[in-house]
Each structure stands twice: as C-alpha cells, then as structure tokens.
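To start, the structure under review is shown below, and the notes come after it.
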Amino acid sequence: MKTGTWPMALKKQTALLLHLLFLCLFFAGITLMMFNEHYGRGLGWIREESYADTLPFTEQLESDVETIFHYVQYKDLLEIDGEIDYEASMFCVTHSSGNTKIYSLGEAVSYARRLGYYLNDSYEVAGGPEIHEWDSNPTSNPLIEWKAYNPNEVYREPGDAFATIEELSVQVLEVLGEYYRIRENFIDQPSNLYFRVSYFDDEEEEHLYTNAENLSAEDLSRMGRYLFISGNSIFVDSNLKYIPSNITSELSTHNQYNNDNYYILLGVDINYPNHDPYSVANAAYTKVRTEYIGGALLLGIGLLGMLITLIIMAALTGHTDVSSQDIRLHHFDYLPVELLAVLLFLLLRANEVFAQNGLPRILRFVVSPDNIHYAVRAAKEILRYLICLCAALCLLRNYKAKNIWKSCLAGRCLNRILPAVYGYPAPGRFTFFFIAYLAASGLLALSGVYLYQQRTALNVPYLYLIPVAVLAVLQIWVFLLLYRSQAESAKISRGIFQMSQGDTAYKIDASGFSPDAAKVSQALNNLGDGLETALQEKVKSERLKADLITNVSHDIKTPLTSIINYVDLLKREHIQDEKIQGYLDVLDQKSQRLKTLTEDLVEASKASSGNLKLEISDIDLVELIHQSNGEFEERFALRHLELISHLPSESILIAADGRRLWRVIENLYNNAFKYAMENSRVYVDVEKRDGFAYFTIKNVSANPLNINADELTERFVRGDVARTTEGSGLGLSIAKSLTQLQNGSFDLYIDGDLFKAQVGFEVRG
Amino acid sequence: MQTILVCDDDKQIVEAIDIYLTGEGFQVIKAYDGYEALELLETHPVDLMIVDVMMPGLDGIRTTLKVRETSSIPIIILSAKSEDNDKILGLNIGADDYIAKPFNPLELVARVKSHMRRYTQLGNLTHQNTDNVYKCGGLLINDDNKEVSVDGEPIKLTPIEYNILLLLVKNAGKVFSIDEIYEQIWNEEAIGADNTVAVHIRHIREKIEINPREPRYLKVVWGVGYKIEKQ
C-alpha cells in the first residue's frame with residue numbers, strides 16, 4: 001500500500017477515524033478497569049499474585065478450618081467405628097415436673113421429625129410445625145442440664161438456660177446436618193483441601209481426623225499450599241501468604257488430652273482438580289484478573305494510538321496535498337483567536353450543562369441506572385476532548401498559516417497602533433509607551449489586589465499570584481530595557497568624549513545595542529573614521545611639506561656654501577675699487593640672509609607641523625631670562641638699546657623644553673634687537689599671575705607698525721614692509737609655533753609703535 | 001707640513017677649502033667621493049680629514065666608518081644636513097666635529113687648527129699633570145700659574161672669569177645656577193642677582209669657544225644654569 005498515492009482528504013479521514021477508534025479503545029480500557037474488583041489496587045499485584053495468596057482464599061480457608069474442627073468434634077460425638085451412633089447422648093434436661101431426662105440422638109431426631117422438621121438436599125434444617133412449642137407454652141420450658149454437642153455453652157441470662165425440647169432437637173438436627181454436609185463436602189466427595197488432624201492420648205494412641213488417609217505428610221506438602229502446626233512447637237511451617245488466624249486456638253481447644261502431642265496438616269491442591277468452593281473462586285478470580293489486564297492493555301494501546309494519530313493529524317491538518325506547503329484554512333479558522341477562545345469556552349460550558357441535564361436521560365435508554373453516573377461522566381469527557389481537539393487543530397492550522405497574530409484582535413489593534421506610534425518623534429513615542437506601561441502596571445496591580453481580597457470567595461485562592469507575577473516580570477523587563485538604554489548612552493557618550501579629545505580612532509562597540517542606538521553608534525563611528533582619515537591626511541601632508549622644505553633647503557645649502565665662500569675669497573683679494581667693494585658687500589649680506597632663511601625655513605616648517613621631539617623638563621623661567629639677558633645685553637648696547645628687566649627674586653618653575661624655549665626667547669630678543677628704535681629701551685618682565693608665569697618683552701619699533709598683530713606671526717611677514725633689514729621674517733612664526741608645541745601661550749600686542757610680546761606657561765607645583 | 005684630506009663631490013667647495021687651508025700653511029689633497037678618499041688615505045700620510053656626507057658612491061658616514069677601522073686621525077664632517085639627529089649620528093660613528101653648510105670659512109679653519117693642535121701636541125701635555133692642573137678635552141687650566149689654554153692656545157681671562165671657569169671645570173658635568181655661581185665667586189648671598197654672571201659666562205664662552213653659539217665646553221642648560229661638558 002502506497003500512502004503517497006492516497007488523496008489527502010482520505011488520509012485525514014482515516015486518521016480521524018483511527019483516532020476515534022483508539023479513543024473508544026482507551027475508554028473501553030478505562031471502563032474495564034474501573035468496573036473491576038481490583039480497581040484502585042494499582043498494577044503491581046498482577047505480576048505476582050495468584051488466588052491462593054488472596055484474602056478471599058484465606059477467608060475461605062479460615063471457615064474451612066472451623067468446619068474441620070466441627071468435624072473433629074462431631075465425629076467423636078456422633079460416630080462409633082465410622083458409623084452414626086444413634087444411641088449417643090445429646091442433651092439432658094430437667095422438666096418443670098422435676099424429672100431429669102437424657103435424650104439420645106435417635107430420640108432427638110425422631111422428636112424433631114415428628115414435629116415436621118427434615119434435612120433438605122444441602123443438609124439444612126427445613127420444615128417444622130406452624131405452631132411452635134415455645135409459642136404455646138412459653139413458661140414451662142425444661143432446664144438444660146448439659147449439651148453434649150455444645151458442652152462449654154455459657155448462659156448469660158437466667159432465661160438462656162431454659163429451652164424447649166423442640167429447640168434442642170432442631171439444634172441436634174442441625175448438628176447432624178452439618179456433620180453430613182462436612183462428610184459430603186470433604187470426605188465422600190473429592191475436595192481440593194486435604195486435612196489431617198491428629199491427637200495422641202495419654203496411651204500414645206493416635207486419634208486421627210482426615211480426608212486423606214492415603215496421603216502422607218510429604219504428599220500434602222507438595223500440593224502447592226500447605227500448613228503444618230504441631231503442639232510441641234510454636235513455629236508454623238507453611239507457604240501460605242496469610243495464616244488462618246483461628247487455626248492454633250481451634251487446634252488446642254479440641255485437644256482432649258493433657259499433653260502437647262498433636263498436629264494439624266493442611267494441603268490445598270492449587271491445580272484445583274476437584275469442583276469445590278476453591279475451584280469456583282479461583283476461576284472467578286482468574287476471570288477478573290484477565291479482564292483487568294485486558295483493560296490495562298486496551299488503555300495503553302488506545303493511548304498510544306491516540307498519540308500517534310494525533311501527531312499525524314497535527315502534521316496533516318491544513319495541508320491540501322503532500323507536496324504543497326500551502327495551508328488551507330476553514331471558514332471559521334479566520335475568526336480572531338480571541339473569538340475562538342470565547343467560542344471554546346461557551347462550547348465547554350454547554351457541554352457541562354448538557355451533561356447535567358440532557359445526557360443522563362438519553363443514556364438511560366441504553367445504560368442501567370447503576371452505571372449511569374459513569375456513563376454520563378465518560379460521555380462528557382469524550383465530548384469535551386473532541387471539542388478541545390477541534391480547537392487545538394484550528395489553532396494549529398492558524399499557526400501553520402502564520403495567521404494567529406494577523407487574525408487576533410490584539411494583533412490587529414497593535415498592528416494599526418504601532419506604525420502610527422513609531423511615526424511619532426522619539427519623545428511622543430516615549431510618552432505613549434510610558435502611559436501604556438503605567439496603564440498595564442496599574443491594571444495588574446488593581447487586579448492583583450482585587451483577586452487577593454476575593455481569594456476566599458473564589459475557588460482558586462492563589463489566583464492573585466498570576467497578576468502579581470506578571471507585574472513583577474513587567475517591572476523586570478522595563479528595568480532591563482532602561483538599563484540597556486542607559487548602558488548604551490553611557491557607551492556612546494564615552495565614545496563622543498574620546499573622539500572629542502582627539503582619539504578619533506575610538507570605536508563604539510555596538511554589539512547588543514538596540515537598533516536605534518546601533519544606528520547612532522554606527523554614525524558616530526563613521527564620523528570618527530572620517531575625522532581620523534582627515535587628520536591622518538593632514539599630518540601626512542604636513543610631514544610631506546616639512547620633508548619637502550628640508551630637502552629643498554639641503555639642496556640650496558650646497559651651492560650657497562660655494563657662494564658664501566667665494567664671496568669671502570673675493571673680499572680677501574682686497575680689491576681697491578669702491579664700486580666692487582659695494583657689490584661684494586651686497587653679495588655678502590644677501591648670501592648670509594639666504595643662509596638664515598634656509599635654516600629658519602626648515603625650523604619653521606618643523607615647528608608648525610609638530611615634527612619635533614621635545615624634551616620637556618622642569619626649568620626656571622627666571623633663570624632662563626637671566627641667561628638670555630646675559631647673552632643679549634652687550635648686543636643691545638651695540639644699537640644703544642637699554643635692557644630694563646623686572647624679574648622676581650624667587651624662581652618660577654615651568655614644564656618646557658629649555659632649548660626650544662630659549663629659541664623662542666632668543667627670537668623675541670632678536671626681534672627687539674633688529675626692529676627696536678635706537679637709543680630706546682627694551683622692557684623685559686617675568687611675573688606670576690593666576691597660576692601662570694608670563695614673560696613680556698616690550699619695545700618701540702623703529703618703523704611704524706602699520707600691521708595687524710596677528711599678521712606678524714604669519715610666515716615671511718615683517719614689520720618693515722620695505723624688507724630692508726636682515727631677518728627671514730620667520731622668527732615670530734617659529735617662536736609662536738614652538739611655544740604652542742610646549743603648551744604655552746604666545747600673544748602679540750601692537751599699540752601704535754609699541755610692540756609687546758607675551759609668552760605664558762602654567763606654573764608647576 | 002701637515003696634510004689635510006678634503007672630500008666633497010662639489011668641486012668648488014673643495015677648491016675653496018683648499019684655498020683657505022693652503023693659505024694657513026696646510027697641504028691639501030682632494031678627493032671627490034668616498035672611494036677616492038680611501039685610496040688617497042692608503043697612499044698618502046694624512047693628518048686630518050674633512051668629509052662631506054651626501055656624496056655619490058660611498059657617502060661620508062660610511063667613509064668615516066671605514067677610516068675609523070684603521071686610523072684615529074681627526075675627522076670633520078661637513079654637511080648640508082644641520083638637524084640635531086644628523087649631528088649626533090655623525091659624532092657617534094667616530095667623527096670629531098660636525099660643521100653644517102653653509103659654513104663660515106674662518107670657523108672651519110679655526111676648527112681644523114684646533115683639532116690639529118690637539119692631535120699633534122696635546123699628547124705630551126698629559127704627563128705633566130699635577131694636582132693643580134685641570135683638563136677637560138682641549139681645555140686646560142693650570143691653577144699654579146693661573147693659566148688657561150684651549151688646544152694649546154693660551155687664553156686671557158679676567159680674575160672673575162677665571163674663577164667661574166675654574167669652578168665649572170673642577171665640577172665638570174655639574175650644572176650651576178646663576179645664584180650658586182654668584183655665591184661661590186663673590187661670596188655674597190645672591191638676592192635677585194642681575195645679569196652679571198650671565199654676561200661673564202658669555203665672555204668666557206666667546207674666549208674659549210670657536211663658535212660661541214655652539215659651545216663645545218661651556219654649555220648653557222637653558223632655564224637651569226651652566227656646566228662644563230665632561231669629556
């Protein structure tokens with residue numbers, strides 16, 4: 001059989017039918033087991049227990065033991081040499097007349113017979129007169145002296161000791177009937193119970209009571225279940241599960257001899273070859289047990305089959321054919337999930353109502369009143385199961401079609417609301433979500449409080465824990481969202497700070513970020529990349545420029561060396577011509593300037609590109625200015641410049657590169673030396689102000705300073721526009737670049753012809 | 001007559017140096033690249049060598065290294081590279097002096113003379129070393145007769161200049177601040193000392209140094225003080 005060729009509809013129907021079949025099997029199994037006597041005992045006993053180990057068997061055995069000892073008693077009473085002894089005395093009474101008479105068995109039996117009593121087929125007393133003796137003459141009953149068949153009878157009340165002859169004769173007849181019955185059941189007919197009771201009298205003569213004279217003790221003990229009790233031992237030799245409780249007392253009670261030389265041996269043939277109560281009970285037990293096992297098997301098979309067919313149905317449902325992945329939905333599948341839930345709830349309620357009202361009446365047609373409750377219950381559960389099955393399959397189809405969220409009302413609402421919400425700018429969105437959060441928290445809290453107050457009225461006292469738990473989960477979720485958002489913004493701010501402080505290569509690790517934050521981080525990282533690239537480009541081009549200038553200056557220096565040397569050689573020729581002397585002076589001057597220019601050019605480019613290695617250490621600015629003054633004092637004197645310095649007496653420590661700072665100061669002094677008006681004063685001050693040390697140099701310019709202070713530090717700008725004086729025009733630019741490289745401030749001020757330069761450094765310590 | 005080997009790929013520079021040195025009474029032999037210089041060194045007795053750095057073939061640095069394998073004559077490197085790094089490199093590989101182009105011809109001659117004197121004469125000065133003679137490279141102070149000489153050339157100093165120099169030479173390598181020098185020399189407490197010490201130092205430098213802007217002996221530690229370089 002090729003299942004692949006089956007049409008889909010047939011497959012589904014087959015699966016459904018099989019499922020229902022297995023459902024029936026399942027319920028059949030449950031029914032079998034529930035109506036079994038063993039219901040409620042579990043399953044463990046099935047494996048080990050046989051009828052011989054059951055309590056009913058023991059009860060039967062106990063009653064048989066009692067019967068056996070009756071036989072022991074009656075045999076002694078009624079038998080002589082195996083025959084009934086009708087002369088045996090049964091009881092003695094004293095009549096009201098005062099006569100005492102002993103009645104024999106024969107007399108008692110014939111008395112009873114005369115009154116109409118007889119023994120029926122099962123040896124029970126039947127018949128009897130319509131008017132009893134004790135009815136006609138209740139006061140003249142004779143007094144019982146003794147009863148041979150019941151010697152130990154105790155009379156508790158005075159009336160008990162009186163009885164009619166009829167009563168006593170019937171008792172005797174009953175005893176006789178019982179004796180016959182025992183004989184028939186155990187001795188005349190074959191029984192599955194074999195017994196052997198033996199007493200020894202004082203002359204060591206054995207009194208044996210048995211239905212198995214030919215069987216030895218070994219034979220009996222081989223019969224499956226056996227019991228051996230002897231008078232001289234307190235141990236019981238048996239393989240019975242339960243020992244009959246009456247046996248030892250009965251055994252010693254019926255010992256007529258004053259010794260403990262007796263025993264009882266019981267044997268039950270558990271193959272039950274003979275028809276007797278044991279074989280009947282065993283057959284019934286076996287039947288019940290088989291039914292229980294069958295029920296359990298049916299239950300198992302039904303359950304397994306249901307599971308398998310359920311899986312098959314779950315796999316098949318919704319599919320129109322094997323190959324296609326399309327899901328076909330029924331009309332009612334398109335209902336929103338919420339509606340389906342309500343429908344399911346209503347159906348279940350209806351089922352309950354139907355089970356209470358309509359169902360019992362219908363079932364009474366086929367089910368007896370004893371089992372009506374069970375039948376109603378089973379029918380109700382089956383209906384309920386089928387309703388739930390339909391609902392589950394419907395939900396599954398929707399799930400397969402990915403239709404649940406689309407079709408459910410909450411989903412439809414949210415699908416309308418959320419895009420609108422996300423369309424808002426972030427603050428509006430935040431407000432919406434916050435209000436939603438507040439509403440949800442409030443509702444949950446209120447419902448929790450309400451359910452807590454109503455917990456005694458409701459059937460489910462701990463229902464209030466559900467909203468409380470949901471509220472807790474909501475709080476934790478919101479906390480985690482906020483926490484993540486905080487962590488993200490912390491990371492992003494750190495990234496921004498790092499980048500703003502120049503670490504443009506810094507990257508924000510956006511792993512685990514929410515989409516919005518990830519976008520922001522990505523944008524920042526891109527920004528950083530752009531900055532980094534631009535910065536590197538700039539550094540590279542500055543370096544290239546510096547390298548270019550350095551190389552060009554090297555190339556200029558070599559020919560310049562020759563020019564300077566040969567100009568010098570020419571001058572040494574002591575040419576007398578004044579004109580040529582003048583030309584030579586110009587050559588000498590200009591070649592020297594060219595030399596300065598090339599050297600300064602290299603230094604300026606290095607200083608402005610930061611392509612310098614600084615050796616920062618603690619130096620004393622005051623000491624440095626003293627030293628500088630020492631260097632320049634006499635040079636200033638050449639141009640009649642008076643150096644006036646105001647320096648503090650204590651030292652001022654700053655962090656700077658001493659040699660580079662000296663270059664700065666030297667350039668400023670040189671500047672003053674070159675451009676200050678002759679016969680004027682140059683003021684040099686060092687002062688400490690607000691944690692900064694300031695060096696100031698002031699002089700009056702020889703030429704008018706019709707120029708902006710900022711322009712003075714541009715390269716190649718000089719105070720004298722005519723550029724007649726020596727100097728490269730780079731001094732102030734170099735000074736400014738070097739100062740800034742050492743984290744100092746460099747400011748120029750021009751006030752008319754007054755030129756002022758100020759260099760500031762942070763004071764150490 | 002002392003022989004000086006001049007090696008530069010620029011013929012005019014070699015020519016000019018030849019003129020200056022010949023004028024000072026030296027014999028000059030000329031080479032135009034490193035290999036030529038090495039060959040000439042093998043065939044001629046040479047007392048001093050001036051070598052350019054950037055030359056085709058064997059450059060000045062390698063030439064210096066080669067020469068130093070066999071000879072200890074004074075070597076002056078002449079280069080258009082005037083950066084600190086270049087100077088340090090040149091001096092570290094065994095050159096005795098480093099002059100940047102474009103150079104002052106007079107300074108070159110002075111340095112050549114100084115190195116010659118040291119190389120040829122100073123050797124016999126060392127064994128008359130007594131307790132009161134202080135020596136630092138080519139700088140020699142005889143405290144007995146208060147005489148100072150640089151590379152054998154006697155120098156005239158004023159008493160204060162002499163005392164300052166003596167203080168620094170005695171403690172060669174140690175940096176003295178202006179205040180310390182003032183207190184040691186004048187035996188007075190320096191209260192807001194003026195520029196006197198700095199001016200004296202400058203004078204000393206001008207007397208004992210060939211190029212006071214690039215002193216060999218008396219160095220300025222800017223912002224800290226002054227010291228005599230330990231040699």
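Chain labels A, B, ... are given in the sequence in which chains occur in the structure tokens; within each chain residues are numbered consecutively from 1, and ligands are likewise numbered from 1 in the order shown.
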>> Excluding stretch 639-652 of chain A and its own-chain neighbours fewer than 4 positions away, which residues fall within 6 Å of it when counting only C-alpha atoms? Please give them as a ChimeraX atom specification.
In response: /A:620-622,678-686 /B:192
Considering only C-alpha atoms, tabulate each residue of chain A that lies at most 6 Å from chain B along with its nearest interatomic pair and the corresponding distance in Å to one decimal; arrange the rows by chain and ascending residue number and present them as JSON lines.
```
{"residue": "A:His554", "atom": "CA", "partner": "B:Ala80", "partner_atom": "CA", "distance": 5.3}
{"residue": "A:Lys557", "atom": "CA", "partner": "B:Pro102", "partner_atom": "CA", "distance": 5.8}
{"residue": "A:Thr561", "atom": "CA", "partner": "B:Pro102", "partner_atom": "CA", "distance": 4.2}
{"residue": "A:Ser562", "atom": "CA", "partner": "B:Ile13", "partner_atom": "CA", "distance": 5.5}
{"residue": "A:Ile619", "atom": "CA", "partner": "B:Gly223", "partner_atom": "CA", "distance": 4.8}
{"residue": "A:Asp620", "atom": "CA", "partner": "B:Gly223", "partner_atom": "CA", "distance": 4.7}
{"residue": "A:Leu621", "atom": "CA", "partner": "B:Gly223", "partner_atom": "CA", "distance": 5.7}
{"residue": "A:Glu623", "atom": "CA", "partner": "B:Gly223", "partner_atom": "CA", "distance": 5.1}
{"residue": "A:Leu624", "atom": "CA", "partner": "B:Gly223", "partner_atom": "CA", "distance": 3.9}
{"residue": "A:His626", "atom": "CA", "partner": "B:Asn195", "partner_atom": "CA", "distance": 5.6}
{"residue": "A:Gln627", "atom": "CA", "partner": "B:Ala198", "partner_atom": "CA", "distance": 5.2}
{"residue": "A:Gly630", "atom": "CA", "partner": "B:Ala198", "partner_atom": "CA", "distance": 4.2}
{"residue": "A:Ser649", "atom": "CA", "partner": "B:Gly192", "partner_atom": "CA", "distance": 4.4}
{"residue": "A:Gly658", "atom": "CA", "partner": "B:Trp222", "partner_atom": "CA", "distance": 4.8}
{"residue": "A:Arg659", "atom": "CA", "partner": "B:Trp222", "partner_atom": "CA", "distance": 6.0}
```
Those same residues, written as a PDB file, in the first residue's frame with N, CA and C atoms?
```pdb
ATOM      1  N   HIS A 554      68.318  71.605   1.901  1.00  0.00           N
ATOM      2  CA  HIS A 554      69.610  70.932   1.741  1.00  0.00           C
ATOM      3  C   HIS A 554      70.201  71.234   0.378  1.00  0.00           C
ATOM      4  N   LYS A 557      71.530  74.663   0.213  1.00  0.00           N
ATOM      5  CA  LYS A 557      72.683  74.960   1.072  1.00  0.00           C
ATOM      6  C   LYS A 557      74.014  74.690   0.379  1.00  0.00           C
ATOM      7  N   THR A 561      76.874  77.419  -0.005  1.00  0.00           N
ATOM      8  CA  THR A 561      78.190  77.312   0.613  1.00  0.00           C
ATOM      9  C   THR A 561      79.260  77.898  -0.320  1.00  0.00           C
ATOM     10  N   SER A 562      79.171  77.489  -1.582  1.00  0.00           N
ATOM     11  CA  SER A 562      80.168  77.988  -2.539  1.00  0.00           C
ATOM     12  C   SER A 562      80.056  79.493  -2.685  1.00  0.00           C
ATOM     13  N   ILE A 619      61.978  73.658  34.271  1.00  0.00           N
ATOM     14  CA  ILE A 619      63.016  74.696  34.169  1.00  0.00           C
ATOM     15  C   ILE A 619      62.535  75.963  34.851  1.00  0.00           C
ATOM     16  N   ASP A 620      63.528  76.789  35.198  1.00  0.00           N
ATOM     17  CA  ASP A 620      63.232  78.036  35.917  1.00  0.00           C
ATOM     18  C   ASP A 620      63.194  79.168  34.909  1.00  0.00           C
ATOM     19  N   LEU A 621      62.003  79.749  34.744  1.00  0.00           N
ATOM     20  CA  LEU A 621      61.844  80.791  33.734  1.00  0.00           C
ATOM     21  C   LEU A 621      62.700  82.012  34.073  1.00  0.00           C
ATOM     22  N   GLU A 623      65.559  82.100  35.699  1.00  0.00           N
ATOM     23  CA  GLU A 623      66.960  81.789  35.376  1.00  0.00           C
ATOM     24  C   GLU A 623      67.197  81.918  33.863  1.00  0.00           C
ATOM     25  N   LEU A 624      66.188  81.393  33.123  1.00  0.00           N
ATOM     26  CA  LEU A 624      66.320  81.442  31.668  1.00  0.00           C
ATOM     27  C   LEU A 624      66.407  82.881  31.175  1.00  0.00           C
ATOM     28  N   HIS A 626      67.433  85.500  32.917  1.00  0.00           N
ATOM     29  CA  HIS A 626      68.764  86.000  33.322  1.00  0.00           C
ATOM     30  C   HIS A 626      69.799  85.608  32.294  1.00  0.00           C
ATOM     31  N   GLN A 627      69.745  84.321  31.924  1.00  0.00           N
ATOM     32  CA  GLN A 627      70.732  83.833  30.966  1.00  0.00           C
ATOM     33  C   GLN A 627      70.582  84.567  29.630  1.00  0.00           C
ATOM     34  N   GLY A 630      71.941  87.943  29.768  1.00  0.00           N
ATOM     35  CA  GLY A 630      73.397  87.892  29.689  1.00  0.00           C
ATOM     36  C   GLY A 630      73.862  87.765  28.256  1.00  0.00           C
ATOM     37  N   SER A 649      62.574  87.661  42.441  1.00  0.00           N
ATOM     38  CA  SER A 649      63.809  87.126  43.017  1.00  0.00           C
ATOM     39  C   SER A 649      63.719  85.615  43.198  1.00  0.00           C
ATOM     40  N   GLY A 658      63.904  73.341  27.484  1.00  0.00           N
ATOM     41  CA  GLY A 658      64.757  74.503  27.702  1.00  0.00           C
ATOM     42  C   GLY A 658      65.338  75.071  26.412  1.00  0.00           C
ATOM     43  N   ARG A 659      65.828  74.193  25.555  1.00  0.00           N
ATOM     44  CA  ARG A 659      66.488  74.680  24.341  1.00  0.00           C
ATOM     45  C   ARG A 659      65.505  75.351  23.401  1.00  0.00           C
TER      46      ARG A 659
END
```
>> Residues within 9 Å of stretch 738-741 of chain A, please, as a list in words. Count only C-alpha atoms; anything in the same chain fewer than 5 positions from it doesn't count.
In response: Ala604, Ala607, Ser608, Gly610, Leu612, Leu614, Ala656, Arg660, Leu661, Arg663, Val664, Ser733, Phe746, Val759, Gly760 and Phe761 of chain A
>> I need the residues of stretch 15-222 of chain B that end up classed as alpha helix (DSSP H) by DSSP on the backbone, written out as a PyMOL selection string.
In response: chain B and resi 15-23+34-43+60-70+84-92+105-120+159-170+178-186+196-208
> Suppose you want the space between atom CA of A:Arg543 and atom CA of A:Ser609; what is it in Å?
Replying inline: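 Those two atoms sit 6.7 Å apart.
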> A:Ser279, A:Leu481, A:Asn526, A:Gln454: which is nearest A:Gly495, counting only C-alpha atoms?
Replying inline: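 Closest candidate: A:Asn526.
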>> Which residues are near stretch 2-5 of chain B? Cut-off 6 Å, only C-alpha atoms, ignore same chain within fewer than 3 positions. Put them as a ChimeraX atom specification.
In response: /B:26-30,46-49
> Just asking: which residues within stretch 42-93 of chain B are strand (DSSP E) according to DSSP, as a PyMOL selection string?
Replying inline: chain B and resi 48-52+75-79
Generate a file of the selected residues that holds N, CA and C atoms, formatted as a tab-separated table (two decimals), in the first residue's frame.
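Result written to again.tsv:
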```
chain	number	residue	atom	x	y	z
B	48	LEU	N	94.54	65.02	8.90
B	48	LEU	CA	93.16	65.38	9.24
B	48	LEU	C	92.32	65.22	7.98
B	49	MET	N	91.06	64.90	8.19
B	49	MET	CA	90.21	64.69	7.04
B	49	MET	C	88.93	65.48	7.20
B	50	ILE	N	88.54	66.15	6.10
B	50	ILE	CA	87.25	66.85	6.08
B	50	ILE	C	86.39	66.11	5.05
B	51	VAL	N	85.19	65.66	5.46
B	51	VAL	CA	84.41	64.85	4.53
B	51	VAL	C	82.95	65.31	4.51
B	52	ASP	N	82.42	65.32	3.28
B	52	ASP	CA	81.00	65.68	3.10
B	52	ASP	C	80.15	64.44	3.35
B	75	ILE	N	88.56	63.66	12.20
B	75	ILE	CA	87.68	63.75	11.03
B	75	ILE	C	86.63	64.80	11.31
B	76	ILE	N	86.51	65.75	10.36
B	76	ILE	CA	85.47	66.77	10.48
B	76	ILE	C	84.45	66.51	9.39
B	77	ILE	N	83.20	66.35	9.81
B	77	ILE	CA	82.15	66.13	8.83
B	77	ILE	C	81.56	67.47	8.45
B	78	LEU	N	81.34	67.61	7.13
B	78	LEU	CA	80.82	68.85	6.58
B	78	LEU	C	79.52	68.46	5.88
B	79	SER	N	78.39	69.04	6.32
B	79	SER	CA	77.16	68.56	5.70
B	79	SER	C	76.12	69.64	5.62
```
>> Could you list, as a ChimeraX atom specification, every residue within 10 Å of A:Ala440, counting only C-alpha atoms and ignoring same-chain residues fewer than 6 positions away?
In response: /A:434,446,470-471,474
Okay, now the selection with C-alpha atoms, as an mmCIF file, in the first residue's frame?
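Done, and the output landed in out_25.cif:
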```
data_model
loop_
_atom_site.group_PDB
_atom_site.id
_atom_site.type_symbol
_atom_site.label_atom_id
_atom_site.label_comp_id
_atom_site.auth_asym_id
_atom_site.auth_seq_id
_atom_site.Cartn_x
_atom_site.Cartn_y
_atom_site.Cartn_z
ATOM 1 C CA PHE A 434 5.241 55.215 29.296
ATOM 2 C CA LEU A 446 -5.519 46.524 40.779
ATOM 3 C CA VAL A 470 3.097 39.234 35.517
ATOM 4 C CA LEU A 471 3.594 42.619 37.188
ATOM 5 C CA LEU A 474 6.870 43.523 33.521
#
```
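What separates atom CA of B:Val150 from atom CA of B:Val6 is a distance of 24.6 Å.
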> Which neighbours of stretch 118-120 of chain B fall inside 8 Å, counting only C-alpha atoms, when residues of the same chain fewer than 2 positions from it are skipped, and could you give them as a PyMOL selection string?
Replying inline: chain B and resi 73-74+114-116+122-123+138+151-152
